[in-house]
Amino acid sequence: MIRILLADDEAMIRAGIRAILAADPSFEVVAEAGDGRAAVDLVLSHHPDVALLDIRMPKLDGLGAAAEIRRVAPGTAVVMLTTFGEDDYIARAIDVGAGGFLLKSGDPRELIAGIHAVAGGAAYLSPKVAQRVITHLAGSRMTKGSAARERVRVLTDREREVLALVGAGMSNAEIARELHLVEGTVKAYVSAILTRLDVRNRVQAAIIAHDAGLVA
């Protein structure tokens with residue numbers, strides 16, 4: 001069972017999202033919040049697996065709530081949900097440690113797939129967001145490649161192998177199957193990689209993997 005906190009300042013939007021989530025029996029909405037500050041408080045009270053946060057909320061916006069949740073409750077993954085697709089929101093969501101970014105205008109199946117992916121330790125970007133990130137990576141690859149290659153030099157061969165699979169979008173379970181390891185070992189490798197690279201989450205690590213040329 002994946003326990004979810006749902007935060008959006010519009011009650012009708014929350015009701016719609018809750019109805020979509022109800023279609024998957026592995027989801028349980030354990031708490032709802034109408035603002036970012038309440039979302040943080042409820043995460044500390046309920047310890048959900050995933051916090052689904054709207055970008056624009058009163059008292060504390062979704063980006064601020066995401067940053068605080070990742071700081072005080074690192075066991076709770078964060079998925080950002082918004083009607084806005086501007087690059088600035090995408091970049092800031094990644095920077096604060098969000099593991100997923102979904103557009104409200106997207107297919108409901110993206111919401112279900114995104115929550116499953118992030119809860120399983122992977123990162124998830126809706127197709128429209130992913131295209132923006134890929135375009136950004138392509139435009140900056142030449143200038144960032146050298147710095148990224150220098151950063152990954154601190155990793156062992158096995159850690160670089162794991163990082164490449166993280167960059168390919170694989171979950172911990174998928175990486176474990178690919179490398180014939182147990183999932184707990186993969187989690188340990190990923191944790192070490194994030195520490196060595198000094199990044200907050202898998203999305204930032206994946207970007208470095210792309211910049212360094214570890215991912216085709």
# chains A, B, ... in the order shown; residues from 1 in each chain; ligands from 1
>>> select_by_dssp(residues="region 36-98 of chain A", states="strand (DSSP E or B)", output="MDAnalysis selection string")
chainID A and resid 50:54 77:82
>>> residues_around(residues="region 173-177 of chain A", least_positions_apart="3", cutoff="12 Å", atoms="only C-alpha atoms", output="mmCIF file with all heavy atoms, in the first residue's frame")
data_model
loop_
_atom_site.group_PDB
_atom_site.id
_atom_site.type_symbol
_atom_site.label_atom_id
_atom_site.label_comp_id
_atom_site.auth_asym_id
_atom_site.auth_seq_id
_atom_site.Cartn_x
_atom_site.Cartn_y
_atom_site.Cartn_z
ATOM 1 N N ALA A 117 6.180 5.161 -9.683
ATOM 2 C CA ALA A 117 7.611 5.265 -9.979
ATOM 3 C C ALA A 117 8.373 5.902 -8.831
ATOM 4 O O ALA A 117 9.401 5.388 -8.377
ATOM 5 C CB ALA A 117 7.825 6.065 -11.263
ATOM 6 N N ALA A 119 7.424 6.292 -5.680
ATOM 7 C CA ALA A 119 7.342 5.458 -4.479
ATOM 8 C C ALA A 119 8.315 4.290 -4.550
ATOM 9 O O ALA A 119 8.806 3.810 -3.524
ATOM 10 C CB ALA A 119 5.920 4.941 -4.286
ATOM 11 N N GLY A 120 8.616 3.845 -5.779
ATOM 12 C CA GLY A 120 9.548 2.740 -5.967
ATOM 13 C C GLY A 120 11.000 3.160 -6.027
ATOM 14 O O GLY A 120 11.875 2.336 -6.293
ATOM 15 N N GLY A 121 11.253 4.447 -5.818
ATOM 16 C CA GLY A 121 12.631 4.921 -5.791
ATOM 17 C C GLY A 121 13.128 5.495 -7.091
ATOM 18 O O GLY A 121 14.291 5.901 -7.192
ATOM 19 N N ALA A 122 12.267 5.547 -8.118
ATOM 20 C CA ALA A 122 12.666 6.113 -9.407
ATOM 21 C C ALA A 122 12.235 7.576 -9.485
ATOM 22 O O ALA A 122 11.580 8.096 -8.577
ATOM 23 C CB ALA A 122 12.047 5.309 -10.555
ATOM 24 N N ARG A 158 31.605 0.477 -10.188
ATOM 25 C CA ARG A 158 30.257 -0.029 -9.939
ATOM 26 C C ARG A 158 29.289 1.115 -9.689
ATOM 27 O O ARG A 158 28.146 1.103 -10.174
ATOM 28 C CB ARG A 158 30.265 -0.971 -8.731
ATOM 29 C CG ARG A 158 28.887 -1.486 -8.346
ATOM 30 C CD ARG A 158 28.254 -2.297 -9.469
ATOM 31 N NE ARG A 158 28.502 -3.707 -9.299
ATOM 32 C CZ ARG A 158 28.079 -4.652 -10.138
ATOM 33 N NH1 ARG A 158 27.397 -4.294 -11.225
ATOM 34 N NH2 ARG A 158 28.330 -5.928 -9.914
ATOM 35 N N GLU A 159 29.717 2.157 -8.970
ATOM 36 C CA GLU A 159 28.851 3.300 -8.726
ATOM 37 C C GLU A 159 28.524 4.025 -10.028
ATOM 38 O O GLU A 159 27.386 4.467 -10.228
ATOM 39 C CB GLU A 159 29.510 4.255 -7.729
ATOM 40 C CG GLU A 159 29.501 3.733 -6.292
ATOM 41 C CD GLU A 159 30.354 4.552 -5.357
ATOM 42 O OE1 GLU A 159 31.190 5.359 -5.840
ATOM 43 O OE2 GLU A 159 30.198 4.402 -4.130
ATOM 44 N N GLU A 161 28.344 2.589 -12.897
ATOM 45 C CA GLU A 161 27.411 1.697 -13.578
ATOM 46 C C GLU A 161 25.999 1.895 -13.053
ATOM 47 O O GLU A 161 25.027 1.972 -13.823
ATOM 48 C CB GLU A 161 27.872 0.255 -13.372
ATOM 49 C CG GLU A 161 27.182 -0.762 -14.250
ATOM 50 C CD GLU A 161 27.784 -2.148 -14.104
ATOM 51 O OE1 GLU A 161 28.579 -2.368 -13.160
ATOM 52 O OE2 GLU A 161 27.437 -3.016 -14.927
ATOM 53 N N VAL A 162 25.872 1.996 -11.736
ATOM 54 C CA VAL A 162 24.564 2.237 -11.133
ATOM 55 C C VAL A 162 24.031 3.612 -11.531
ATOM 56 O O VAL A 162 22.852 3.770 -11.863
ATOM 57 C CB VAL A 162 24.647 2.116 -9.591
ATOM 58 C CG1 VAL A 162 23.330 2.567 -8.940
ATOM 59 C CG2 VAL A 162 24.964 0.683 -9.181
ATOM 60 N N LEU A 163 24.909 4.614 -11.519
ATOM 61 C CA LEU A 163 24.499 5.967 -11.905
ATOM 62 C C LEU A 163 23.973 6.003 -13.328
ATOM 63 O O LEU A 163 22.980 6.686 -13.624
ATOM 64 C CB LEU A 163 25.675 6.937 -11.752
ATOM 65 C CG LEU A 163 25.424 8.381 -12.198
ATOM 66 C CD1 LEU A 163 24.291 9.016 -11.390
ATOM 67 C CD2 LEU A 163 26.699 9.202 -12.060
ATOM 68 N N ALA A 164 24.608 5.276 -14.228
ATOM 69 C CA ALA A 164 24.149 5.237 -15.618
ATOM 70 C C ALA A 164 22.732 4.682 -15.709
ATOM 71 O O ALA A 164 21.897 5.190 -16.478
ATOM 72 C CB ALA A 164 25.094 4.394 -16.462
ATOM 73 N N LEU A 165 22.422 3.682 -14.908
ATOM 74 C CA LEU A 165 21.081 3.094 -14.917
ATOM 75 C C LEU A 165 20.064 4.013 -14.250
ATOM 76 O O LEU A 165 18.906 4.063 -14.658
ATOM 77 C CB LEU A 165 21.114 1.726 -14.234
ATOM 78 C CG LEU A 165 21.998 0.680 -14.942
ATOM 79 C CD1 LEU A 165 22.017 -0.626 -14.168
ATOM 80 C CD2 LEU A 165 21.540 0.459 -16.376
ATOM 81 N N VAL A 166 20.511 4.761 -13.223
ATOM 82 C CA VAL A 166 19.652 5.795 -12.648
ATOM 83 C C VAL A 166 19.330 6.832 -13.723
ATOM 84 O O VAL A 166 18.186 7.263 -13.870
ATOM 85 C CB VAL A 166 20.329 6.470 -11.435
ATOM 86 C CG1 VAL A 166 19.546 7.719 -11.004
ATOM 87 C CG2 VAL A 166 20.422 5.498 -10.269
ATOM 88 N N GLY A 167 20.349 7.207 -14.483
ATOM 89 C CA GLY A 167 20.143 8.170 -15.563
ATOM 90 C C GLY A 167 19.220 7.657 -16.647
ATOM 91 O O GLY A 167 18.549 8.435 -17.328
ATOM 92 N N ALA A 168 19.170 6.340 -16.802
ATOM 93 C CA ALA A 168 18.271 5.735 -17.789
ATOM 94 C C ALA A 168 16.845 5.614 -17.270
ATOM 95 O O ALA A 168 15.961 5.137 -17.975
ATOM 96 C CB ALA A 168 18.789 4.356 -18.190
ATOM 97 N N GLY A 169 16.626 6.045 -16.012
ATOM 98 C CA GLY A 169 15.275 6.065 -15.457
ATOM 99 C C GLY A 169 14.853 4.801 -14.753
ATOM 100 O O GLY A 169 13.668 4.617 -14.460
ATOM 101 N N MET A 170 15.800 3.919 -14.448
ATOM 102 C CA MET A 170 15.448 2.669 -13.796
ATOM 103 C C MET A 170 15.207 2.864 -12.303
ATOM 104 O O MET A 170 15.867 3.679 -11.657
ATOM 105 C CB MET A 170 16.559 1.636 -13.987
ATOM 106 C CG MET A 170 16.680 1.082 -15.394
ATOM 107 S SD MET A 170 17.852 -0.305 -15.425
ATOM 108 C CE MET A 170 17.759 -0.762 -17.161
ATOM 109 N N HIS A 180 22.118 -7.960 -11.234
ATOM 110 C CA HIS A 180 22.105 -9.193 -10.438
ATOM 111 C C HIS A 180 22.544 -8.917 -8.994
ATOM 112 O O HIS A 180 23.408 -9.590 -8.434
ATOM 113 C CB HIS A 180 23.008 -10.262 -11.071
ATOM 114 C CG HIS A 180 22.690 -10.542 -12.510
ATOM 115 N ND1 HIS A 180 21.529 -11.179 -12.904
ATOM 116 C CD2 HIS A 180 23.367 -10.243 -13.647
ATOM 117 C CE1 HIS A 180 21.504 -11.274 -14.226
ATOM 118 N NE2 HIS A 180 22.604 -10.705 -14.694
ATOM 119 N N LEU A 181 21.925 -7.882 -8.412
ATOM 120 C CA LEU A 181 22.184 -7.510 -7.030
ATOM 121 C C LEU A 181 20.880 -7.559 -6.251
ATOM 122 O O LEU A 181 19.793 -7.599 -6.838
ATOM 123 C CB LEU A 181 22.757 -6.080 -6.958
ATOM 124 C CG LEU A 181 24.081 -5.814 -7.671
ATOM 125 C CD1 LEU A 181 24.366 -4.315 -7.687
ATOM 126 C CD2 LEU A 181 25.215 -6.559 -6.994
ATOM 127 N N VAL A 182 20.976 -7.537 -4.926
ATOM 128 C CA VAL A 182 19.760 -7.409 -4.128
ATOM 129 C C VAL A 182 19.395 -5.922 -4.061
ATOM 130 O O VAL A 182 20.268 -5.052 -4.166
ATOM 131 C CB VAL A 182 19.944 -7.985 -2.710
ATOM 132 C CG1 VAL A 182 20.238 -9.467 -2.770
ATOM 133 C CG2 VAL A 182 21.044 -7.263 -1.956
ATOM 134 N N GLU A 183 18.120 -5.644 -3.885
ATOM 135 C CA GLU A 183 17.656 -4.257 -3.934
ATOM 136 C C GLU A 183 18.283 -3.405 -2.836
ATOM 137 O O GLU A 183 18.576 -2.224 -3.032
ATOM 138 C CB GLU A 183 16.133 -4.214 -3.843
ATOM 139 C CG GLU A 183 15.558 -2.830 -4.120
ATOM 140 C CD GLU A 183 14.046 -2.841 -4.235
ATOM 141 O OE1 GLU A 183 13.460 -3.940 -4.355
ATOM 142 O OE2 GLU A 183 13.443 -1.744 -4.200
ATOM 143 N N GLY A 184 18.504 -3.998 -1.655
ATOM 144 C CA GLY A 184 19.121 -3.246 -0.567
ATOM 145 C C GLY A 184 20.516 -2.768 -0.920
ATOM 146 O O GLY A 184 20.926 -1.663 -0.532
ATOM 147 N N THR A 185 21.259 -3.570 -1.666
ATOM 148 C CA THR A 185 22.599 -3.175 -2.095
ATOM 149 C C THR A 185 22.518 -1.997 -3.069
ATOM 150 O O THR A 185 23.321 -1.057 -2.995
ATOM 151 C CB THR A 185 23.316 -4.359 -2.761
ATOM 152 O OG1 THR A 185 23.432 -5.429 -1.833
ATOM 153 C CG2 THR A 185 24.717 -3.955 -3.231
ATOM 154 N N VAL A 186 21.546 -2.050 -3.960
ATOM 155 C CA VAL A 186 21.361 -0.944 -4.913
ATOM 156 C C VAL A 186 21.024 0.342 -4.168
ATOM 157 O O VAL A 186 21.565 1.417 -4.479
ATOM 158 C CB VAL A 186 20.257 -1.279 -5.935
ATOM 159 C CG1 VAL A 186 19.961 -0.054 -6.813
ATOM 160 C CG2 VAL A 186 20.675 -2.445 -6.803
ATOM 161 N N LYS A 187 20.142 0.257 -3.164
ATOM 162 C CA LYS A 187 19.793 1.442 -2.374
ATOM 163 C C LYS A 187 21.037 2.031 -1.721
ATOM 164 O O LYS A 187 21.209 3.253 -1.674
ATOM 165 C CB LYS A 187 18.764 1.085 -1.303
ATOM 166 C CG LYS A 187 17.379 0.784 -1.841
ATOM 167 C CD LYS A 187 16.417 0.460 -0.705
ATOM 168 C CE LYS A 187 15.014 0.167 -1.229
ATOM 169 N NZ LYS A 187 14.082 -0.179 -0.135
ATOM 170 N N ALA A 188 21.913 1.163 -1.232
ATOM 171 C CA ALA A 188 23.145 1.639 -0.604
ATOM 172 C C ALA A 188 24.039 2.330 -1.626
ATOM 173 O O ALA A 188 24.641 3.377 -1.343
ATOM 174 C CB ALA A 188 23.888 0.474 0.045
ATOM 175 N N TYR A 189 24.129 1.764 -2.821
ATOM 176 C CA TYR A 189 24.923 2.386 -3.877
ATOM 177 C C TYR A 189 24.362 3.755 -4.248
ATOM 178 O O TYR A 189 25.101 4.739 -4.389
ATOM 179 C CB TYR A 189 24.948 1.504 -5.132
ATOM 180 C CG TYR A 189 26.026 0.448 -5.128
ATOM 181 C CD1 TYR A 189 25.714 -0.897 -5.302
ATOM 182 C CD2 TYR A 189 27.372 0.781 -4.983
ATOM 183 C CE1 TYR A 189 26.709 -1.879 -5.312
ATOM 184 C CE2 TYR A 189 28.364 -0.185 -4.991
ATOM 185 C CZ TYR A 189 28.028 -1.509 -5.154
ATOM 186 O OH TYR A 189 29.007 -2.465 -5.160
ATOM 187 N N VAL A 190 23.039 3.834 -4.409
ATOM 188 C CA VAL A 190 22.413 5.099 -4.791
ATOM 189 C C VAL A 190 22.641 6.149 -3.717
ATOM 190 O O VAL A 190 22.964 7.309 -4.014
ATOM 191 C CB VAL A 190 20.906 4.907 -5.056
ATOM 192 C CG1 VAL A 190 20.219 6.268 -5.246
ATOM 193 C CG2 VAL A 190 20.681 4.044 -6.283
#
>>> residues_around(residues="Asp8 (chain A)", least_positions_apart="4", cutoff="10 Å", atoms="only C-alpha atoms", output="PyMOL selection string")
chain A and resi 12-15+17+32-36+39+52-58+61-62+81-82
>>> atom_distance(atom1="CA of Gly100 (chain A)", atom2="CA of Ile207 (chain A)")
13.9 Å
>>> select_by_dssp(residues="region 23-175 of chain A", states="alpha helix (DSSP H)", output="number ranges by chain")
A: 36-46, 62-72, 87-95, 108-119, 127-152, 157-167, 172-175
>>> closest_residue(among="A:Leu179, A:Ala73, A:Val203, A:Val96", to="Ala123 (chain A)", atoms="only C-alpha atoms")
A:Val203
>>> closest_residue(among="A:Gly106, A:Pro48, A:Pro25, A:Gly97", to="Leu6 (chain A)", atoms="only C-alpha atoms")
A:Pro48
>>> residues_around(residues="Leu103 (chain A)", least_positions_apart="3", cutoff="12 Å", atoms="only C-alpha atoms", output="MDAnalysis selection string")
chainID A and resid 52:55 79:86 89:90 100 106:111 114 124:130
>>> residues_around(residues="Arg151 (chain A)", least_positions_apart="5", cutoff="9 Å", atoms="only C-alpha atoms", output="tab-separated table (two decimals) with C-alpha atoms, in the first residue's frame")
chain	number	residue	atom	x	y	z
A	146	SER	CA	33.51	18.44	-18.78
A	196	ARG	CA	29.60	11.67	-3.35
A	197	LEU	CA	28.05	13.85	-6.05
A	208	ILE	CA	24.86	14.55	-14.15
A	212	ALA	CA	28.90	13.09	-18.23
>>> decode(residues="region 120-131 of chain A", atoms="all heavy atoms", output="JSON list (two decimals), in the first residue's frame")
[["chain", "number", "residue", "atom", "x", "y", "z"],
["A", 120, "GLY", "N", 8.62, 3.85, -5.78],
["A", 120, "GLY", "CA", 9.55, 2.74, -5.97],
["A", 120, "GLY", "C", 11.00, 3.16, -6.03],
["A", 120, "GLY", "O", 11.88, 2.34, -6.29],
["A", 121, "GLY", "N", 11.25, 4.45, -5.82],
["A", 121, "GLY", "CA", 12.63, 4.92, -5.79],
["A", 121, "GLY", "C", 13.13, 5.50, -7.09],
["A", 121, "GLY", "O", 14.29, 5.90, -7.19],
["A", 122, "ALA", "N", 12.27, 5.55, -8.12],
["A", 122, "ALA", "CA", 12.67, 6.11, -9.41],
["A", 122, "ALA", "C", 12.23, 7.58, -9.49],
["A", 122, "ALA", "O", 11.58, 8.10, -8.58],
["A", 122, "ALA", "CB", 12.05, 5.31, -10.56],
["A", 123, "ALA", "N", 12.61, 8.23, -10.55],
["A", 123, "ALA", "CA", 12.15, 9.60, -10.81],
["A", 123, "ALA", "C", 11.13, 9.54, -11.93],
["A", 123, "ALA", "O", 11.14, 8.61, -12.75],
["A", 123, "ALA", "CB", 13.32, 10.49, -11.20],
["A", 124, "TYR", "N", 10.23, 10.52, -11.98],
["A", 124, "TYR", "CA", 9.22, 10.52, -13.04],
["A", 124, "TYR", "C", 8.90, 11.95, -13.45],
["A", 124, "TYR", "O", 8.59, 12.79, -12.61],
["A", 124, "TYR", "CB", 7.94, 9.83, -12.56],
["A", 124, "TYR", "CG", 6.94, 9.62, -13.67],
["A", 124, "TYR", "CD1", 6.93, 8.43, -14.41],
["A", 124, "TYR", "CD2", 6.01, 10.60, -14.01],
["A", 124, "TYR", "CE1", 6.03, 8.23, -15.43],
["A", 124, "TYR", "CE2", 5.11, 10.42, -15.04],
["A", 124, "TYR", "CZ", 5.11, 9.22, -15.75],
["A", 124, "TYR", "OH", 4.22, 9.04, -16.77],
["A", 125, "LEU", "N", 8.99, 12.19, -14.74],
["A", 125, "LEU", "CA", 8.59, 13.47, -15.31],
["A", 125, "LEU", "C", 7.53, 13.20, -16.36],
["A", 125, "LEU", "O", 7.66, 12.26, -17.15],
["A", 125, "LEU", "CB", 9.77, 14.19, -15.98],
["A", 125, "LEU", "CG", 10.99, 14.47, -15.11],
["A", 125, "LEU", "CD1", 12.10, 15.09, -15.96],
["A", 125, "LEU", "CD2", 10.64, 15.38, -13.96],
["A", 126, "SER", "N", 6.46, 13.98, -16.37],
["A", 126, "SER", "CA", 5.45, 13.81, -17.40],
["A", 126, "SER", "C", 6.09, 14.02, -18.77],
["A", 126, "SER", "O", 7.12, 14.70, -18.89],
["A", 126, "SER", "CB", 4.30, 14.81, -17.21],
["A", 126, "SER", "OG", 4.72, 16.11, -17.55],
["A", 127, "PRO", "N", 5.54, 13.42, -19.82],
["A", 127, "PRO", "CA", 6.18, 13.53, -21.15],
["A", 127, "PRO", "C", 6.50, 14.95, -21.58],
["A", 127, "PRO", "O", 7.57, 15.20, -22.12],
["A", 127, "PRO", "CB", 5.14, 12.87, -22.07],
["A", 127, "PRO", "CG", 4.49, 11.85, -21.19],
["A", 127, "PRO", "CD", 4.39, 12.51, -19.84],
["A", 128, "LYS", "N", 5.59, 15.89, -21.33],
["A", 128, "LYS", "CA", 5.86, 17.27, -21.75],
["A", 128, "LYS", "C", 7.03, 17.86, -20.97],
["A", 128, "LYS", "O", 7.85, 18.59, -21.50],
["A", 128, "LYS", "CB", 4.61, 18.13, -21.57],
["A", 128, "LYS", "CG", 3.50, 17.82, -22.55],
["A", 128, "LYS", "CD", 2.30, 18.73, -22.33],
["A", 128, "LYS", "CE", 1.18, 18.42, -23.31],
["A", 128, "LYS", "NZ", -0.01, 19.28, -23.10],
["A", 129, "VAL", "N", 7.08, 17.55, -19.68],
["A", 129, "VAL", "CA", 8.17, 18.04, -18.86],
["A", 129, "VAL", "C", 9.48, 17.37, -19.27],
["A", 129, "VAL", "O", 10.52, 18.00, -19.37],
["A", 129, "VAL", "CB", 7.89, 17.78, -17.36],
["A", 129, "VAL", "CG1", 9.09, 18.15, -16.51],
["A", 129, "VAL", "CG2", 6.66, 18.57, -16.92],
["A", 130, "ALA", "N", 9.42, 16.06, -19.51],
["A", 130, "ALA", "CA", 10.62, 15.33, -19.91],
["A", 130, "ALA", "C", 11.20, 15.91, -21.19],
["A", 130, "ALA", "O", 12.43, 16.02, -21.34],
["A", 130, "ALA", "CB", 10.29, 13.85, -20.10],
["A", 131, "GLN", "N", 10.35, 16.29, -22.12],
["A", 131, "GLN", "CA", 10.85, 16.87, -23.37],
["A", 131, "GLN", "C", 11.58, 18.17, -23.12],
["A", 131, "GLN", "O", 12.62, 18.44, -23.74],
["A", 131, "GLN", "CB", 9.68, 17.11, -24.34],
["A", 131, "GLN", "CG", 10.12, 17.57, -25.74],
["A", 131, "GLN", "CD", 11.08, 16.61, -26.38],
["A", 131, "GLN", "OE1", 10.79, 15.42, -26.48],
["A", 131, "GLN", "NE2", 12.23, 17.08, -26.82]]
